[in-house]
file work_2.cif (mmCIF, C-alpha atoms)
data_final
loop_
_atom_site.label_atom_id
_atom_site.label_comp_id
_atom_site.auth_asym_id
_atom_site.auth_seq_id
_atom_site.Cartn_x
_atom_site.Cartn_y
_atom_site.Cartn_z
CA MET M 1 -25.27 26.48 -0.29
CA ASN M 2 -25.35 26.12 3.46
CA ARG M 3 -22.51 26.56 5.88
CA LYS M 4 -21.26 22.98 5.91
CA ASP M 5 -21.02 22.82 2.13
CA PHE M 6 -19.17 26.12 1.99
CA LEU M 7 -16.71 24.91 4.60
CA SER M 8 -16.05 21.68 2.75
CA VAL M 9 -15.46 23.56 -0.51
CA VAL M 10 -13.00 25.95 1.14
CA VAL M 11 -11.08 23.25 3.01
CA THR M 12 -10.88 20.97 -0.05
CA PHE M 13 -9.72 23.85 -2.23
CA LEU M 14 -7.04 24.88 0.25
CA ILE M 15 -5.70 21.35 0.63
CA MET M 16 -5.63 20.79 -3.14
CA TYR M 17 -3.94 24.13 -3.77
CA VAL M 18 -1.27 23.66 -1.11
CA PHE M 19 -0.59 20.20 -2.49
CA TRP M 20 -0.25 21.66 -6.00
CA LEU M 21 2.20 24.31 -4.77
CA LEU M 22 4.29 21.72 -2.96
CA LEU M 23 4.38 19.43 -5.97
CA SER M 24 5.19 22.11 -8.54
CA ALA M 25 7.78 23.79 -6.30
CA CYS M 26 7.04 27.27 -7.55
CA ILE M 27 7.36 29.17 -4.29
CA GLY M 28 10.79 27.96 -3.22
CA SER M 29 12.50 28.21 -6.56
CA HIS M 30 15.22 30.69 -7.23
CA HIS M 31 13.72 32.41 -10.25
CA GLY M 32 10.94 34.08 -8.32
CA ILE M 33 7.25 33.27 -8.47
CA ASP M 34 6.16 31.61 -11.66
CA TYR M 35 2.72 33.09 -12.33
CA ILE M 36 1.67 30.44 -14.79
CA ARG M 37 1.98 27.80 -12.09
CA VAL M 38 0.16 29.91 -9.53
CA VAL M 39 -2.81 30.57 -11.81
CA GLY M 40 -2.74 27.03 -13.18
CA GLY M 41 -2.87 25.75 -9.63
CA LEU M 42 -5.95 27.85 -8.92
CA ILE M 43 -7.69 26.45 -11.98
CA CYS M 44 -6.76 22.82 -11.35
CA ALA M 45 -7.55 22.96 -7.64
CA GLY M 46 -10.84 24.59 -8.54
CA ILE M 47 -11.80 21.84 -10.97
CA VAL M 48 -10.89 19.07 -8.54
CA THR M 49 -12.81 20.78 -5.74
CA ALA M 50 -15.86 21.21 -7.92
CA PHE M 51 -15.97 17.48 -8.57
CA SER M 52 -15.03 16.09 -5.21
CA HIS M 53 -15.83 18.33 -2.27
CA LYS M 54 -18.91 16.30 -1.44
CA HIS M 55 -17.02 13.03 -0.92
CA ARG M 56 -15.43 13.74 2.40
CA LEU M 57 -12.84 11.57 4.08
CA LEU M 58 -12.38 13.36 7.38
CA PHE M 59 -15.28 15.36 8.80
CA THR M 60 -18.13 13.18 7.63
CA GLY M 61 -20.11 13.63 10.80
CA LYS M 62 -20.61 9.89 11.10
CA GLU M 63 -17.52 9.05 13.06
CA GLU M 64 -16.66 9.48 16.67
CA LYS M 65 -13.31 9.64 18.39
CA VAL M 66 -11.45 10.36 15.16
CA LEU M 67 -8.38 11.62 17.00
CA THR M 68 -7.95 8.40 18.99
CA LYS M 69 -8.31 6.33 15.85
CA ALA M 70 -5.81 8.49 13.96
CA TYR M 71 -3.37 8.32 16.87
CA ARG M 72 -3.60 4.54 17.03
CA PHE M 73 -3.35 4.26 13.25
CA ILE M 74 -0.03 6.10 13.33
CA PHE M 75 1.30 3.39 15.62
CA TYR M 76 -0.15 0.64 13.45
CA VAL M 77 1.86 1.69 10.39
CA PRO M 78 5.38 0.74 11.63
CA TRP M 79 4.14 -2.73 12.61
CA LEU M 80 2.67 -3.06 9.12
CA LEU M 81 5.94 -1.98 7.51
CA TRP M 82 7.82 -4.59 9.53
CA GLN M 83 5.32 -7.25 8.44
CA ILE M 84 5.81 -6.20 4.82
CA ILE M 85 9.57 -6.69 5.08
CA LEU M 86 9.09 -10.10 6.75
CA ALA M 87 6.58 -11.06 4.07
CA ASN M 88 8.97 -10.29 1.30
CA PHE M 89 11.80 -12.25 2.88
CA ASP M 90 9.38 -15.13 3.22
CA VAL M 91 8.28 -14.96 -0.42
CA ALA M 92 11.90 -14.57 -1.56
CA TYR M 93 12.81 -17.68 0.43
CA ARG M 94 10.02 -19.65 -1.22
CA VAL M 95 10.92 -18.40 -4.69
CA LEU M 96 14.65 -19.07 -4.48
CA HIS M 97 14.54 -22.38 -2.60
CA PRO M 98 15.27 -25.33 -4.90
CA LYS M 99 12.23 -27.28 -3.70
CA MET M 100 9.86 -24.28 -3.76
CA PRO M 101 7.87 -25.10 -0.59
CA ILE M 102 4.41 -23.75 -1.34
CA ASN M 103 1.01 -25.19 -0.50
CA PRO M 104 -1.60 -22.79 -1.83
CA ARG M 105 -5.24 -22.86 -0.88
CA ILE M 106 -8.20 -20.49 -0.55
CA ILE M 107 -9.59 -19.86 2.93
CA GLU M 108 -12.74 -18.09 4.15
CA PHE M 109 -13.37 -16.40 7.44
CA ASP M 110 -15.65 -13.88 9.12
CA THR M 111 -14.59 -10.72 10.87
CA THR M 112 -16.22 -8.67 13.56
CA LEU M 113 -15.24 -5.37 11.92
CA ARG M 114 -18.15 -3.27 10.80
CA GLY M 115 -17.01 -0.03 9.17
CA ASP M 116 -15.87 0.41 5.56
CA ILE M 117 -12.51 1.95 6.43
CA SER M 118 -11.60 -0.78 8.90
CA ARG M 119 -12.52 -3.55 6.45
CA THR M 120 -10.51 -1.87 3.71
CA THR M 121 -7.56 -1.52 6.07
CA LEU M 122 -7.77 -5.19 6.96
CA ALA M 123 -8.04 -6.25 3.30
CA ASN M 124 -5.07 -4.07 2.33
CA SER M 125 -3.02 -5.33 5.27
CA ILE M 126 -3.80 -8.93 4.34
CA THR M 127 -2.54 -8.27 0.82
CA LEU M 128 0.59 -6.54 2.08
CA THR M 129 1.66 -9.18 4.63
CA PRO M 130 3.17 -12.68 4.54
CA GLY M 131 1.73 -15.11 2.09
CA THR M 132 -1.90 -13.99 1.77
CA ILE M 133 -3.90 -11.96 -0.77
CA THR M 134 -7.52 -10.88 -0.37
CA ILE M 135 -9.72 -12.24 -3.14
CA GLU M 136 -13.16 -11.05 -2.18
CA VAL M 137 -14.99 -9.26 0.60
CA LYS M 138 -18.76 -9.75 0.91
CA GLY M 139 -20.25 -8.18 4.01
CA SER M 140 -18.11 -9.48 6.83
CA ARG M 141 -16.89 -12.58 5.02
CA PHE M 142 -13.36 -12.56 3.57
CA TRP M 143 -12.02 -14.90 0.92
CA VAL M 144 -8.23 -15.06 1.03
CA HIS M 145 -5.68 -16.95 -1.07
CA ALA M 146 -2.85 -18.21 1.11
CA ILE M 147 0.41 -19.56 -0.24
CA ALA M 148 1.51 -21.73 2.72
CA ASP M 149 0.18 -23.25 5.93
CA LYS M 150 1.99 -20.82 8.21
CA ALA M 151 0.39 -17.81 6.55
CA ALA M 152 -3.08 -19.32 6.55
CA GLU M 153 -2.79 -20.24 10.20
CA ALA M 154 -1.71 -16.75 11.17
CA LEU M 155 -5.02 -15.49 9.82
CA LEU M 156 -7.35 -18.26 10.89
CA VAL M 157 -5.97 -19.28 14.25
CA ASP M 158 -3.86 -16.46 15.65
CA LYS M 159 -5.91 -13.60 14.28
CA THR M 160 -3.16 -11.13 15.12
CA MET M 161 -3.97 -8.77 12.31
CA GLN M 162 -7.70 -8.71 12.93
CA MET M 163 -7.08 -7.94 16.60
CA LYS M 164 -4.74 -5.09 15.73
CA VAL M 165 -7.06 -3.49 13.20
CA ALA M 166 -9.97 -3.85 15.63
CA TYR M 167 -7.87 -2.12 18.27
CA VAL M 168 -7.00 0.75 15.92
CA PHE M 169 -10.58 1.39 14.86
CA MET M 170 -12.06 0.55 18.26
CA GLU M 171 -14.44 -2.16 17.02
CA PHE M 172 -14.11 -5.35 19.01
CA MET U 1 32.31 11.64 6.15
CA ILE U 2 28.56 12.02 6.03
CA GLU U 3 28.76 12.01 2.26
CA THR U 4 30.19 8.48 2.38
CA VAL U 5 27.50 7.33 4.78
CA VAL U 6 24.76 8.73 2.56
CA ASP U 7 26.32 7.10 -0.51
CA VAL U 8 26.59 3.74 1.23
CA LEU U 9 23.01 3.92 2.50
CA THR U 10 21.68 4.86 -0.92
CA THR U 11 23.55 2.04 -2.58
CA ALA U 12 22.38 -0.42 0.06
CA PHE U 13 18.73 0.51 -0.48
CA LEU U 14 19.08 0.37 -4.25
CA ILE U 15 20.67 -3.07 -4.14
CA PHE U 16 18.04 -4.26 -1.67
CA GLY U 17 15.28 -3.03 -3.97
CA ALA U 18 16.87 -4.50 -7.08
CA PHE U 19 17.27 -7.86 -5.36
CA PHE U 20 13.56 -7.99 -4.57
CA MET U 21 12.55 -6.96 -8.06
CA VAL U 22 14.70 -9.74 -9.52
CA THR U 23 13.23 -12.19 -7.01
CA GLY U 24 9.76 -11.17 -8.12
CA ALA U 25 10.67 -11.83 -11.72
CA ILE U 26 12.15 -15.24 -10.83
CA GLY U 27 8.98 -16.08 -8.94
CA LEU U 28 6.94 -15.11 -11.96
CA LEU U 29 8.78 -17.76 -13.95
CA ARG U 30 9.03 -20.50 -11.33
CA PHE U 31 5.60 -20.65 -9.73
CA PRO U 32 3.13 -23.13 -11.21
CA ASP U 33 -0.13 -21.24 -11.18
CA PHE U 34 -1.74 -17.84 -11.82
CA TYR U 35 -2.53 -17.10 -8.19
CA THR U 36 0.90 -18.00 -6.85
CA ARG U 37 2.59 -15.93 -9.54
CA LEU U 38 0.52 -12.97 -8.41
CA HIS U 39 1.78 -13.54 -4.88
CA ALA U 40 5.37 -13.34 -6.04
CA THR U 41 5.07 -10.18 -8.11
CA GLY U 42 2.48 -8.39 -6.00
CA LYS U 43 4.53 -8.55 -2.85
CA CYS U 44 8.11 -8.41 -4.09
CA ASP U 45 7.50 -5.59 -6.53
CA THR U 46 5.93 -3.42 -3.88
CA LEU U 47 8.82 -3.65 -1.49
CA GLY U 48 11.45 -3.50 -4.24
CA GLU U 49 10.13 -0.27 -5.70
CA VAL U 50 9.65 1.32 -2.30
CA ALA U 51 13.23 0.47 -1.35
CA ILE U 52 14.60 1.95 -4.58
CA LEU U 53 12.57 5.12 -4.15
CA PHE U 54 13.62 5.37 -0.52
CA GLY U 55 17.26 5.19 -1.56
CA CYS U 56 16.61 8.05 -3.99
CA MET U 57 14.93 9.98 -1.17
CA ILE U 58 17.99 9.69 1.05
CA TYR U 59 20.24 10.82 -1.77
CA SER U 60 18.19 13.86 -2.69
CA ALA U 61 17.64 14.78 0.96
CA TYR U 62 21.38 15.01 1.48
CA HIS U 63 21.98 16.91 -1.74
CA GLY U 64 19.46 19.56 -0.86
CA MET U 65 16.41 18.95 -3.04
CA PRO U 66 13.52 19.14 -0.57
CA PHE U 67 10.73 19.15 -3.16
CA VAL U 68 12.06 15.96 -4.69
CA VAL U 69 11.90 14.34 -1.27
CA PHE U 70 8.26 15.36 -0.89
CA LYS U 71 7.33 14.09 -4.34
CA LEU U 72 9.05 10.75 -3.75
CA LEU U 73 7.25 10.43 -0.43
CA CYS U 74 3.92 10.99 -2.19
CA ILE U 75 4.81 8.34 -4.77
CA ILE U 76 5.74 5.86 -2.04
CA LEU U 77 2.47 6.44 -0.18
CA PHE U 78 0.48 6.06 -3.36
CA PHE U 79 2.36 2.90 -4.21
CA PHE U 80 1.62 1.27 -0.88
CA ILE U 81 -2.08 1.79 -1.44
CA ALA U 82 -2.35 1.19 -5.17
CA ASN U 83 -0.20 -1.90 -5.66
CA PRO U 84 -2.05 -4.20 -3.25
CA THR U 85 -5.35 -2.93 -4.58
CA GLY U 86 -4.27 -3.73 -8.13
CA THR U 87 -3.08 -7.20 -7.13
CA HIS U 88 -6.38 -7.81 -5.37
CA ALA U 89 -8.36 -6.62 -8.39
CA ILE U 90 -6.51 -8.97 -10.75
CA MET U 91 -6.94 -11.90 -8.40
CA LYS U 92 -10.62 -11.16 -7.92
CA ALA U 93 -11.17 -11.03 -11.69
CA ALA U 94 -9.43 -14.38 -12.10
CA TYR U 95 -11.50 -15.93 -9.31
CA LYS U 96 -14.76 -14.64 -10.79
CA THR U 97 -14.00 -15.98 -14.27
CA GLY U 98 -13.28 -19.42 -12.87
CA VAL U 99 -9.50 -19.86 -12.96
CA LYS U 100 -8.93 -22.89 -10.77
CA PRO U 101 -6.29 -22.68 -8.04
CA TRP U 102 -3.41 -25.12 -8.09
CA ARG U 103 -3.00 -27.70 -5.37
CA VAL U 104 0.16 -29.60 -4.44
CA GLY U 105 0.73 -32.55 -6.75
CA GLU U 106 -0.90 -31.23 -9.90
CA GLU U 107 1.06 -30.26 -12.96
CA ARG U 108 2.07 -26.72 -13.92
CA ARG U 109 -0.35 -24.42 -15.71
#

call {"tool": "encode", "arguments": {"input": "work_2.cif", "output": "structure tokens"}}
result
Amino acid sequence: MNRKDFLSVVVTFLIMYVFWLLLSACIGSHHGIDYIRVVGGLICAGIVTAFSHKHRLLFTGKEEKVLTKAYRFIFYVPWLLWQIILANFDVAYRVLHPKMPINPRIIEFDTTLRGDISRTTLANSITLTPGTITIEVKGSRFWVHAIADKAAEALLVDKTMQMKVAYVFMEF
Amino acid sequence: MIETVVDVLTTAFLIFGAFFMVTGAIGLLRFPDFYTRLHATGKCDTLGEVAILFGCMIYSAYHGMPFVVFKLLCIILFFFIANPTGTHAIMKAAYKTGVKPWRVGEERR
């Protein structure tokens, strides 16, 4: 086992174990340290690490400028949360309106995003925001079901979300 | 004084969340087609549950249960990722097996 593998095993194990301790709350409790939880955490974190330390999310060696992307992603999240709230008011309006103004159709478009993470972020954002759900992604082609004209136009014509995700992941 | 503010905030978030859950259920009954019903539940349920859990977070943060706050935060994060993915998976399965989308002017399915 070379140095990189050893490092990934150690880091994965530490993250899993700290997460276990935080979730089981055995270090802050008032009855002292509960040894069953401590040892159980070692075993469970060990099993999870044995299965998954090869599938890395962070230090894969393939990405550049990870810090800039992470920094920009942190600013992307509040905008996304605001869009989610707007989306739900929009859907609630369409549900509760007596005439039910919907005009559903399926639209297709291409994106210029190349990486897996950026495409997944775009697909998830499309599903989370007003009036659109991702149906299928094949290569750079997206199939999206839109519930009204305004939502479909926001994706096809304005392209606000694609621009923002491209800015976050630095792929124009 | 702060106790009242925390109570009011918690109640506000819980009512907000409950309103969206009920709206999702109404949408499930009113919309004419499989895909549009998925829109209603997939979006409204996500926000409704997150609002309810956020109200619980505020309550337990004030009453001094820090581990509960962390666990609820983990659940919220998981929910934001898993619910849209589940909605997408259901819709993709329907599209692949040939469920036809509804256009304006057709009858209900």

call {"tool": "interface_residues", "arguments": {"input": "work_2.cif", "of": "chain M", "to": "chain U", "cutoff": "6 Å", "atoms": "all atoms listed in the file", "output": "JSON, numbers by chain"}}
result
{"M": [88, 95, 103, 127, 134, 135]}

call {"tool": "residues_around", "arguments": {"input": "work_2.cif", "residues": "Cys56 of chain U", "least_positions_apart": "6", "cutoff": "9 Å", "atoms": "all atoms listed in the file", "output": "list in words"}}
result
Thr10, Phe13, Leu14, Val69 and Leu72 of chain U

call {"tool": "write_last_selection", "arguments": {"input": "work_2.cif", "atoms": "C-alpha atoms", "output": "tab-separated table (two decimals), in the frame of the given file"}}
result
chain	number	residue	atom	x	y	z
U	10	THR	CA	21.68	4.86	-0.92
U	13	PHE	CA	18.73	0.51	-0.48
U	14	LEU	CA	19.08	0.37	-4.25
U	69	VAL	CA	11.90	14.34	-1.27
U	72	LEU	CA	9.05	10.75	-3.75

call {"tool": "resolve_selection", "arguments": {"input": "work_2.cif", "expression": "the PyMOL selection byres ((chain M and resi 10-26) around 12)", "output": "PyMOL selection string"}}
result
(chain M and resi 3-9+27-59) or (chain U and resi 65-75)

call {"tool": "residues_near_point", "arguments": {"input": "work_2.cif", "point": "(1.6, -22.8, 2.8)", "cutoff": "10 Å", "atoms": "all atoms listed in the file", "output": "CSV table (one decimal) with C-alpha atoms, keeping the file's coordinate frame"}}
result
chain,number,residue,atom,x,y,z
M,94,ARG,CA,10.0,-19.6,-1.2
M,101,PRO,CA,7.9,-25.1,-0.6
M,102,ILE,CA,4.4,-23.8,-1.3
M,103,ASN,CA,1.0,-25.2,-0.5
M,104,PRO,CA,-1.6,-22.8,-1.8
M,105,ARG,CA,-5.2,-22.9,-0.9
M,131,GLY,CA,1.7,-15.1,2.1
M,132,THR,CA,-1.9,-14.0,1.8
M,146,ALA,CA,-2.8,-18.2,1.1
M,147,ILE,CA,0.4,-19.6,-0.2
M,148,ALA,CA,1.5,-21.7,2.7
M,149,ASP,CA,0.2,-23.2,5.9
M,150,LYS,CA,2.0,-20.8,8.2
M,151,ALA,CA,0.4,-17.8,6.6
M,152,ALA,CA,-3.1,-19.3,6.6
M,153,GLU,CA,-2.8,-20.2,10.2

call {"tool": "atom_distance", "arguments": {"input": "work_2.cif", "atom1": "atom CA of Val137 of chain M", "atom2": "atom CA of Ile107 of chain M"}}
result
12.1 Å

call {"tool": "build_atoms", "arguments": {"input": "work_2.cif", "residues": "segment 40-54 of chain U", "atoms": "N, CA and C atoms", "output": "compact mmCIF listing (two decimals), in the frame of the given file"}}
result
# COMPACT_ATOMS: atom_id res chain seq x y z
N ALA U 40 3.96 -13.70 -5.91
CA ALA U 40 5.37 -13.34 -6.04
C ALA U 40 5.52 -11.90 -6.50
N THR U 41 4.85 -11.53 -7.60
CA THR U 41 5.07 -10.18 -8.11
C THR U 41 4.40 -9.15 -7.24
N GLY U 42 3.19 -9.40 -6.77
CA GLY U 42 2.48 -8.39 -6.00
C GLY U 42 3.22 -7.97 -4.75
N LYS U 43 3.84 -8.93 -4.07
CA LYS U 43 4.53 -8.55 -2.85
C LYS U 43 5.94 -8.05 -3.10
N CYS U 44 6.70 -8.79 -3.92
CA CYS U 44 8.11 -8.41 -4.09
C CYS U 44 8.24 -7.09 -4.83
N ASP U 45 7.38 -6.84 -5.80
CA ASP U 45 7.50 -5.59 -6.53
C ASP U 45 7.20 -4.39 -5.66
N THR U 46 6.24 -4.54 -4.76
CA THR U 46 5.93 -3.42 -3.88
C THR U 46 7.14 -3.02 -3.06
N LEU U 47 7.71 -4.01 -2.35
CA LEU U 47 8.82 -3.65 -1.49
C LEU U 47 10.03 -3.21 -2.29
N GLY U 48 10.28 -3.87 -3.44
CA GLY U 48 11.45 -3.50 -4.24
C GLY U 48 11.39 -2.05 -4.70
N GLU U 49 10.22 -1.65 -5.23
CA GLU U 49 10.13 -0.27 -5.70
C GLU U 49 10.23 0.72 -4.56
N VAL U 50 9.59 0.38 -3.43
CA VAL U 50 9.65 1.32 -2.30
C VAL U 50 11.08 1.48 -1.81
N ALA U 51 11.84 0.36 -1.80
CA ALA U 51 13.23 0.47 -1.35
C ALA U 51 14.05 1.33 -2.30
N ILE U 52 13.84 1.14 -3.61
CA ILE U 52 14.60 1.95 -4.58
C ILE U 52 14.26 3.43 -4.41
N LEU U 53 12.96 3.72 -4.30
CA LEU U 53 12.57 5.12 -4.15
C LEU U 53 13.07 5.70 -2.83
N PHE U 54 13.13 4.86 -1.80
CA PHE U 54 13.62 5.37 -0.52
C PHE U 54 15.10 5.69 -0.60
